[in-house]
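Here is work35.cif, consisting of mmCIF, C-alpha atoms; chains and numbers go by the auth columns:
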data_structure
#
loop_
_atom_site.group_PDB
_atom_site.id
_atom_site.type_symbol
_atom_site.label_atom_id
_atom_site.label_comp_id
_atom_site.label_asym_id
_atom_site.label_seq_id
_atom_site.Cartn_x
_atom_site.Cartn_y
_atom_site.Cartn_z
_atom_site.B_iso_or_equiv
_atom_site.auth_seq_id
_atom_site.auth_asym_id
ATOM 1 C CA MET A 1 2.711 -17.389 5.403 0.00 212 A
ATOM 2 C CA GLN A 2 5.838 -15.272 5.289 0.00 213 A
ATOM 3 C CA LYS A 3 5.268 -11.510 5.600 0.00 214 A
ATOM 4 C CA THR A 4 6.203 -9.436 2.555 0.00 215 A
ATOM 5 C CA SER A 5 7.339 -5.810 2.393 0.00 216 A
ATOM 6 C CA THR A 6 8.032 -3.470 -0.495 0.00 217 A
ATOM 7 C CA PHE A 7 11.742 -2.673 -0.761 0.00 218 A
ATOM 8 C CA PHE A 8 12.980 0.603 -2.266 0.00 219 A
ATOM 9 C CA MET A 9 16.584 0.599 -3.501 0.00 220 A
ATOM 10 C CA PHE A 10 17.872 4.103 -4.154 0.00 221 A
ATOM 11 C CA VAL A 11 20.756 3.803 -6.633 0.00 222 A
ATOM 12 C CA GLY A 12 22.242 5.906 -9.438 0.00 223 A
ATOM 13 C CA GLU A 13 20.858 9.435 -9.534 0.00 224 A
ATOM 14 C CA GLN A 14 18.442 8.568 -6.697 0.00 225 A
ATOM 15 C CA CYS A 15 21.270 7.537 -4.353 0.00 226 A
ATOM 16 C CA GLY A 16 21.456 10.038 -1.514 0.00 227 A
ATOM 17 C CA LYS A 17 17.714 10.791 -1.559 0.00 228 A
ATOM 18 C CA ALA A 18 16.349 7.893 0.531 0.00 229 A
ATOM 19 C CA ASP A 19 16.342 9.749 3.855 0.00 230 A
ATOM 20 C CA GLU A 20 14.516 12.721 2.309 0.00 231 A
ATOM 21 C CA ALA A 21 12.010 10.460 0.508 0.00 232 A
ATOM 22 C CA ILE A 22 11.172 8.436 3.629 0.00 233 A
ATOM 23 C CA LYS A 23 10.547 11.585 5.645 0.00 234 A
ATOM 24 C CA PHE A 24 8.391 12.982 2.808 0.00 235 A
ATOM 25 C CA TYR A 25 6.272 9.822 2.478 0.00 236 A
ATOM 26 C CA THR A 26 5.661 9.456 6.215 0.00 237 A
ATOM 27 C CA THR A 27 4.263 13.008 6.346 0.00 238 A
ATOM 28 C CA LEU A 28 1.772 12.297 3.529 0.00 239 A
ATOM 29 C CA PHE A 29 -0.020 9.260 4.897 0.00 240 A
ATOM 30 C CA LYS A 30 -1.945 8.827 8.156 0.00 241 A
ATOM 31 C CA ASN A 31 -0.707 6.207 10.614 0.00 242 A
ATOM 32 C CA SER A 32 2.860 6.395 9.251 0.00 243 A
ATOM 33 C CA GLU A 33 6.184 6.371 11.051 0.00 244 A
ATOM 34 C CA ILE A 34 9.887 5.813 10.669 0.00 245 A
ATOM 35 C CA LYS A 35 10.629 2.733 12.753 0.00 246 A
ATOM 36 C CA HIS A 36 14.378 2.529 12.240 0.00 247 A
ATOM 37 C CA ILE A 37 17.141 3.950 10.068 0.00 248 A
ATOM 38 C CA ASP A 38 20.677 2.562 10.022 0.00 249 A
ATOM 39 C CA TYR A 39 23.278 4.591 8.111 0.00 250 A
ATOM 40 C CA TRP A 40 26.401 3.377 6.320 0.00 251 A
ATOM 41 C CA LYS A 41 29.589 3.916 8.307 0.00 252 A
ATOM 42 C CA ASP A 42 32.950 5.074 6.969 0.00 253 A
ATOM 43 C CA ASN A 43 34.802 2.425 4.913 0.00 254 A
ATOM 44 C CA GLU A 44 31.884 -0.036 5.005 0.00 255 A
ATOM 45 C CA PRO A 45 31.685 -1.957 1.703 0.00 256 A
ATOM 46 C CA GLY A 46 28.601 -1.235 -0.395 0.00 257 A
ATOM 47 C CA GLY A 47 27.809 2.240 0.789 0.00 258 A
ATOM 48 C CA LYS A 48 29.032 5.687 1.566 0.00 259 A
ATOM 49 C CA GLU A 49 29.117 7.145 5.047 0.00 260 A
ATOM 50 C CA GLY A 50 25.847 8.856 5.939 0.00 261 A
ATOM 51 C CA LEU A 51 23.693 7.155 3.305 0.00 262 A
ATOM 52 C CA VAL A 52 20.767 4.958 4.346 0.00 263 A
ATOM 53 C CA LYS A 53 21.962 1.391 4.832 0.00 264 A
ATOM 54 C CA LEU A 54 18.570 0.067 5.924 0.00 265 A
ATOM 55 C CA ALA A 55 15.381 1.873 6.855 0.00 266 A
ATOM 56 C CA ILE A 56 12.098 0.439 8.040 0.00 267 A
ATOM 57 C CA PHE A 57 9.053 2.676 7.910 0.00 268 A
ATOM 58 C CA THR A 58 5.279 2.410 7.655 0.00 269 A
ATOM 59 C CA LEU A 59 2.781 4.166 5.414 0.00 270 A
ATOM 60 C CA ASN A 60 -0.752 3.917 6.758 0.00 271 A
ATOM 61 C CA GLY A 61 0.321 0.936 8.846 0.00 272 A
ATOM 62 C CA LEU A 62 1.986 -1.031 6.009 0.00 273 A
ATOM 63 C CA GLU A 63 5.699 -1.716 6.354 0.00 274 A
ATOM 64 C CA TYR A 64 8.255 -0.656 3.745 0.00 275 A
ATOM 65 C CA ILE A 65 12.025 -1.049 3.614 0.00 276 A
ATOM 66 C CA ALA A 66 14.562 1.229 1.921 0.00 277 A
ATOM 67 C CA SER A 67 18.269 1.222 1.272 0.00 278 A
ATOM 68 C CA GLU A 68 20.743 3.050 -0.903 0.00 279 A
ATOM 69 C CA ASN A 69 24.241 2.346 -2.090 0.00 280 A
ATOM 70 C CA THR A 70 26.839 3.620 -4.484 0.00 281 A
ATOM 71 C CA MET A 71 27.468 0.351 -6.349 0.00 282 A
ATOM 72 C CA GLY A 72 26.992 0.511 -10.107 0.00 283 A
ATOM 73 C CA HIS A 73 23.578 -1.031 -10.708 0.00 284 A
ATOM 74 C CA GLU A 74 22.030 -1.308 -14.167 0.00 285 A
ATOM 75 C CA PHE A 75 18.537 -0.513 -12.892 0.00 286 A
ATOM 76 C CA SER A 76 16.474 2.068 -11.081 0.00 287 A
ATOM 77 C CA PHE A 77 12.814 2.535 -10.229 0.00 288 A
ATOM 78 C CA THR A 78 10.277 1.703 -12.938 0.00 289 A
ATOM 79 C CA PRO A 79 6.533 2.306 -13.307 0.00 290 A
ATOM 80 C CA ALA A 80 6.116 -1.428 -13.988 0.00 291 A
ATOM 81 C CA ILE A 81 5.911 -1.726 -10.199 0.00 292 A
ATOM 82 C CA SER A 82 3.979 0.964 -8.373 0.00 293 A
ATOM 83 C CA ILE A 83 2.359 1.673 -5.028 0.00 294 A
ATOM 84 C CA TYR A 84 -1.431 1.470 -5.419 0.00 295 A
ATOM 85 C CA VAL A 85 -3.351 3.669 -2.986 0.00 296 A
ATOM 86 C CA ASN A 86 -7.101 3.449 -2.451 0.00 297 A
ATOM 87 C CA CYS A 87 -8.048 6.915 -1.230 0.00 298 A
ATOM 88 C CA GLU A 88 -10.926 7.451 1.202 0.00 299 A
ATOM 89 C CA ASP A 89 -12.252 10.572 -0.497 0.00 300 A
ATOM 90 C CA GLU A 90 -11.619 12.941 -3.398 0.00 301 A
ATOM 91 C CA GLU A 91 -9.827 15.468 -1.188 0.00 302 A
ATOM 92 C CA GLU A 92 -7.256 12.860 -0.133 0.00 303 A
ATOM 93 C CA LEU A 93 -6.757 11.740 -3.748 0.00 304 A
ATOM 94 C CA GLN A 94 -6.253 15.315 -4.995 0.00 305 A
ATOM 95 C CA LEU A 95 -3.835 16.204 -2.182 0.00 306 A
ATOM 96 C CA LEU A 96 -1.720 13.060 -2.571 0.00 307 A
ATOM 97 C CA PHE A 97 -1.629 13.410 -6.353 0.00 308 A
ATOM 98 C CA GLN A 98 -0.581 17.052 -6.141 0.00 309 A
ATOM 99 C CA LYS A 99 2.208 16.398 -3.629 0.00 310 A
ATOM 100 C CA LEU A 100 3.486 13.189 -5.231 0.00 311 A
ATOM 101 C CA SER A 101 3.487 14.553 -8.784 0.00 312 A
ATOM 102 C CA LYS A 102 5.335 17.788 -7.877 0.00 313 A
ATOM 103 C CA ASP A 103 8.661 17.606 -9.760 0.00 314 A
ATOM 104 C CA GLY A 104 7.702 14.088 -10.900 0.00 315 A
ATOM 105 C CA ASN A 105 6.086 12.699 -14.032 0.00 316 A
ATOM 106 C CA ILE A 106 2.310 12.447 -14.506 0.00 317 A
ATOM 107 C CA MET A 107 1.493 9.308 -16.484 0.00 318 A
ATOM 108 C CA MET A 108 -2.304 9.496 -16.186 0.00 319 A
ATOM 109 C CA PRO A 109 -3.889 12.697 -14.860 0.00 320 A
ATOM 110 C CA ILE A 110 -6.815 12.314 -12.457 0.00 321 A
ATOM 111 C CA ASP A 111 -9.837 11.362 -14.538 0.00 322 A
ATOM 112 C CA ASN A 112 -12.605 8.814 -15.107 0.00 323 A
ATOM 113 C CA TYR A 113 -10.998 5.926 -16.992 0.00 324 A
ATOM 114 C CA GLY A 114 -13.991 3.585 -16.879 0.00 325 A
ATOM 115 C CA PHE A 115 -12.453 1.196 -14.353 0.00 326 A
ATOM 116 C CA SER A 116 -12.542 4.028 -11.792 0.00 327 A
ATOM 117 C CA LYS A 117 -14.423 7.317 -11.614 0.00 328 A
ATOM 118 C CA LYS A 118 -11.328 9.040 -10.178 0.00 329 A
ATOM 119 C CA PHE A 119 -7.878 7.649 -10.841 0.00 330 A
ATOM 120 C CA GLY A 120 -4.418 9.126 -11.369 0.00 331 A
ATOM 121 C CA TRP A 121 -0.953 7.667 -11.937 0.00 332 A
ATOM 122 C CA THR A 122 2.255 9.564 -11.327 0.00 333 A
ATOM 123 C CA SER A 123 5.867 9.045 -10.399 0.00 334 A
ATOM 124 C CA ASP A 124 7.351 11.305 -7.760 0.00 335 A
ATOM 125 C CA LYS A 125 10.619 13.249 -7.793 0.00 336 A
ATOM 126 C CA TYR A 126 12.426 10.170 -6.441 0.00 337 A
ATOM 127 C CA GLY A 127 11.217 7.932 -9.289 0.00 338 A
ATOM 128 C CA ILE A 128 8.655 5.924 -7.289 0.00 339 A
ATOM 129 C CA SER A 129 5.427 5.259 -9.188 0.00 340 A
ATOM 130 C CA TRP A 130 2.050 5.814 -7.472 0.00 341 A
ATOM 131 C CA GLN A 131 -1.429 4.837 -8.644 0.00 342 A
ATOM 132 C CA LEU A 132 -4.119 6.733 -6.743 0.00 343 A
ATOM 133 C CA ASN A 133 -7.700 5.518 -6.864 0.00 344 A
ATOM 134 C CA LEU A 134 -10.905 6.812 -5.281 0.00 345 A
ATOM 135 C CA ASN A 135 -12.679 3.965 -3.482 0.00 346 A
#
Would you encode the structure as structure tokens?
Amino acid sequence: MQKTSTFFMFVGEQCGKADEAIKFYTTLFKNSEIKHIDYWKDNEPGGKEGLVKLAIFTLNGLEYIASENTMGHEFSFTPAISIYVNCEDEEELQLLFQKLSKDGNIMMPIDNYGFSKKFGWTSDKYGISWQLNLN
């Protein structure tokens, strides 16, 4: 089967924040690293010099891809697609929720919602949506 990866496209008001977001995410999760970042060069179509053309990074061993460009797109990030994280313990859940929700938007505060004794849903300051669940 073909391998799949989540792809983050930073456009509109999020354009210019990919590098910062990738560095932030890789500090939050164990077993995470930036594998490669290629930046747009001067006069290259589709981007602006210094922005992230293509980045490959891992969060807890899972691969993600990110890019950003200045083209006029009619979309941005949406909570309809989110990163679902099964946390090992309550401390990890609380810490991730606190850091990811800072300057973001809390959609469901950490609580018992019946389907999980501890669950929270937030989007971060970059617009990425995160669902955090206690195993």
Report as a PDB file with C-alpha atoms, in the frame of the given file the full result of the PyMOL selection byres ((chain A and resi 267-282) around 7) when it is applied to this structure.
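What landed in expr35.pdb:
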ATOM      1  CA  SER A 216       7.339  -5.810   2.393  1.00  0.00           C
ATOM      2  CA  THR A 217       8.032  -3.470  -0.495  1.00  0.00           C
ATOM      3  CA  PHE A 218      11.742  -2.673  -0.761  1.00  0.00           C
ATOM      4  CA  PHE A 219      12.980   0.603  -2.266  1.00  0.00           C
ATOM      5  CA  MET A 220      16.584   0.599  -3.501  1.00  0.00           C
ATOM      6  CA  PHE A 221      17.872   4.103  -4.154  1.00  0.00           C
ATOM      7  CA  VAL A 222      20.756   3.803  -6.633  1.00  0.00           C
ATOM      8  CA  CYS A 226      21.270   7.537  -4.353  1.00  0.00           C
ATOM      9  CA  ALA A 229      16.349   7.893   0.531  1.00  0.00           C
ATOM     10  CA  THR A 237       5.661   9.456   6.215  1.00  0.00           C
ATOM     11  CA  PHE A 240      -0.020   9.260   4.897  1.00  0.00           C
ATOM     12  CA  LYS A 241      -1.945   8.827   8.156  1.00  0.00           C
ATOM     13  CA  ASN A 242      -0.707   6.207  10.614  1.00  0.00           C
ATOM     14  CA  SER A 243       2.860   6.395   9.251  1.00  0.00           C
ATOM     15  CA  GLU A 244       6.184   6.371  11.051  1.00  0.00           C
ATOM     16  CA  ILE A 245       9.887   5.813  10.669  1.00  0.00           C
ATOM     17  CA  LYS A 246      10.629   2.733  12.753  1.00  0.00           C
ATOM     18  CA  HIS A 247      14.378   2.529  12.240  1.00  0.00           C
ATOM     19  CA  ILE A 248      17.141   3.950  10.068  1.00  0.00           C
ATOM     20  CA  GLY A 257      28.601  -1.235  -0.395  1.00  0.00           C
ATOM     21  CA  GLY A 258      27.809   2.240   0.789  1.00  0.00           C
ATOM     22  CA  LYS A 259      29.032   5.687   1.566  1.00  0.00           C
ATOM     23  CA  LEU A 262      23.693   7.155   3.305  1.00  0.00           C
ATOM     24  CA  VAL A 263      20.767   4.958   4.346  1.00  0.00           C
ATOM     25  CA  LYS A 264      21.962   1.391   4.832  1.00  0.00           C
ATOM     26  CA  LEU A 265      18.570   0.067   5.924  1.00  0.00           C
ATOM     27  CA  ALA A 266      15.381   1.873   6.855  1.00  0.00           C
ATOM     28  CA  GLY A 283      26.992   0.511 -10.107  1.00  0.00           C
ATOM     29  CA  HIS A 284      23.578  -1.031 -10.708  1.00  0.00           C
TER      30      HIS A 284
END
* Record the distance separating atom CA of A:Phe330 and atom CA of A:Leu239, expressed in Å with one decimal. => 17.9 Å
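Distance-wise, atom CA of A:Ile321 and atom CA of A:Glu231 end up 25.9 Å apart.
Across A:Ile292, A:Leu345, A:Met319, A:Ile339, the tightest approach to A:Gln305 is made by A:Leu345 when counting only C-alpha atoms.
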* Within 12 Å of A:Leu307, counting all atoms listed in the file, which residues show up once you throw out same-chain ones fewer than 4 positions away? Write them as an NGL selection string, please. => :A and (235-236 or 238-241 or 295-303 or 311-313 or 321 or 330-335 or 341-345)
If I wrap all listed atoms of stretch 272-281 of chain A in a box with edges along x, y and z and add 6 Å on each side, what are its centre and edge lengths in Å to one decimal, as AutoDock Vina command-line options?
--center_x 13.6 --center_y 1.0 --center_z 2.2 --size_x 38.5 --size_y 17.3 --size_z 25.3
* Residue with smallest distance to A:Gln309 - pool A:Lys336, A:Gly227, A:Asn346, A:Tyr250, counting only C-alpha atoms -> A:Lys336
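The spacing separating atom CA of A:Lys310 from atom CA of A:Tyr324 amounts to 21.5 Å.
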* Pick from A:Ile317, A:Leu306, A:Phe326, A:Ser340, whichever lies nearest to A:Ile294 using all atoms listed in the file -> A:Ser340
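Proximity ranking of A:Ala291, A:Asp230, A:Phe308, A:Glu285 relative to A:Lys329 places A:Phe308 first, based on only C-alpha atoms.
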* To do: Rank nothing, just name the residue among A:Thr289, A:Tyr337, A:Leu304, A:Ser327 nearest to A:Glu224, using all atoms listed in the file.
  => A:Tyr337
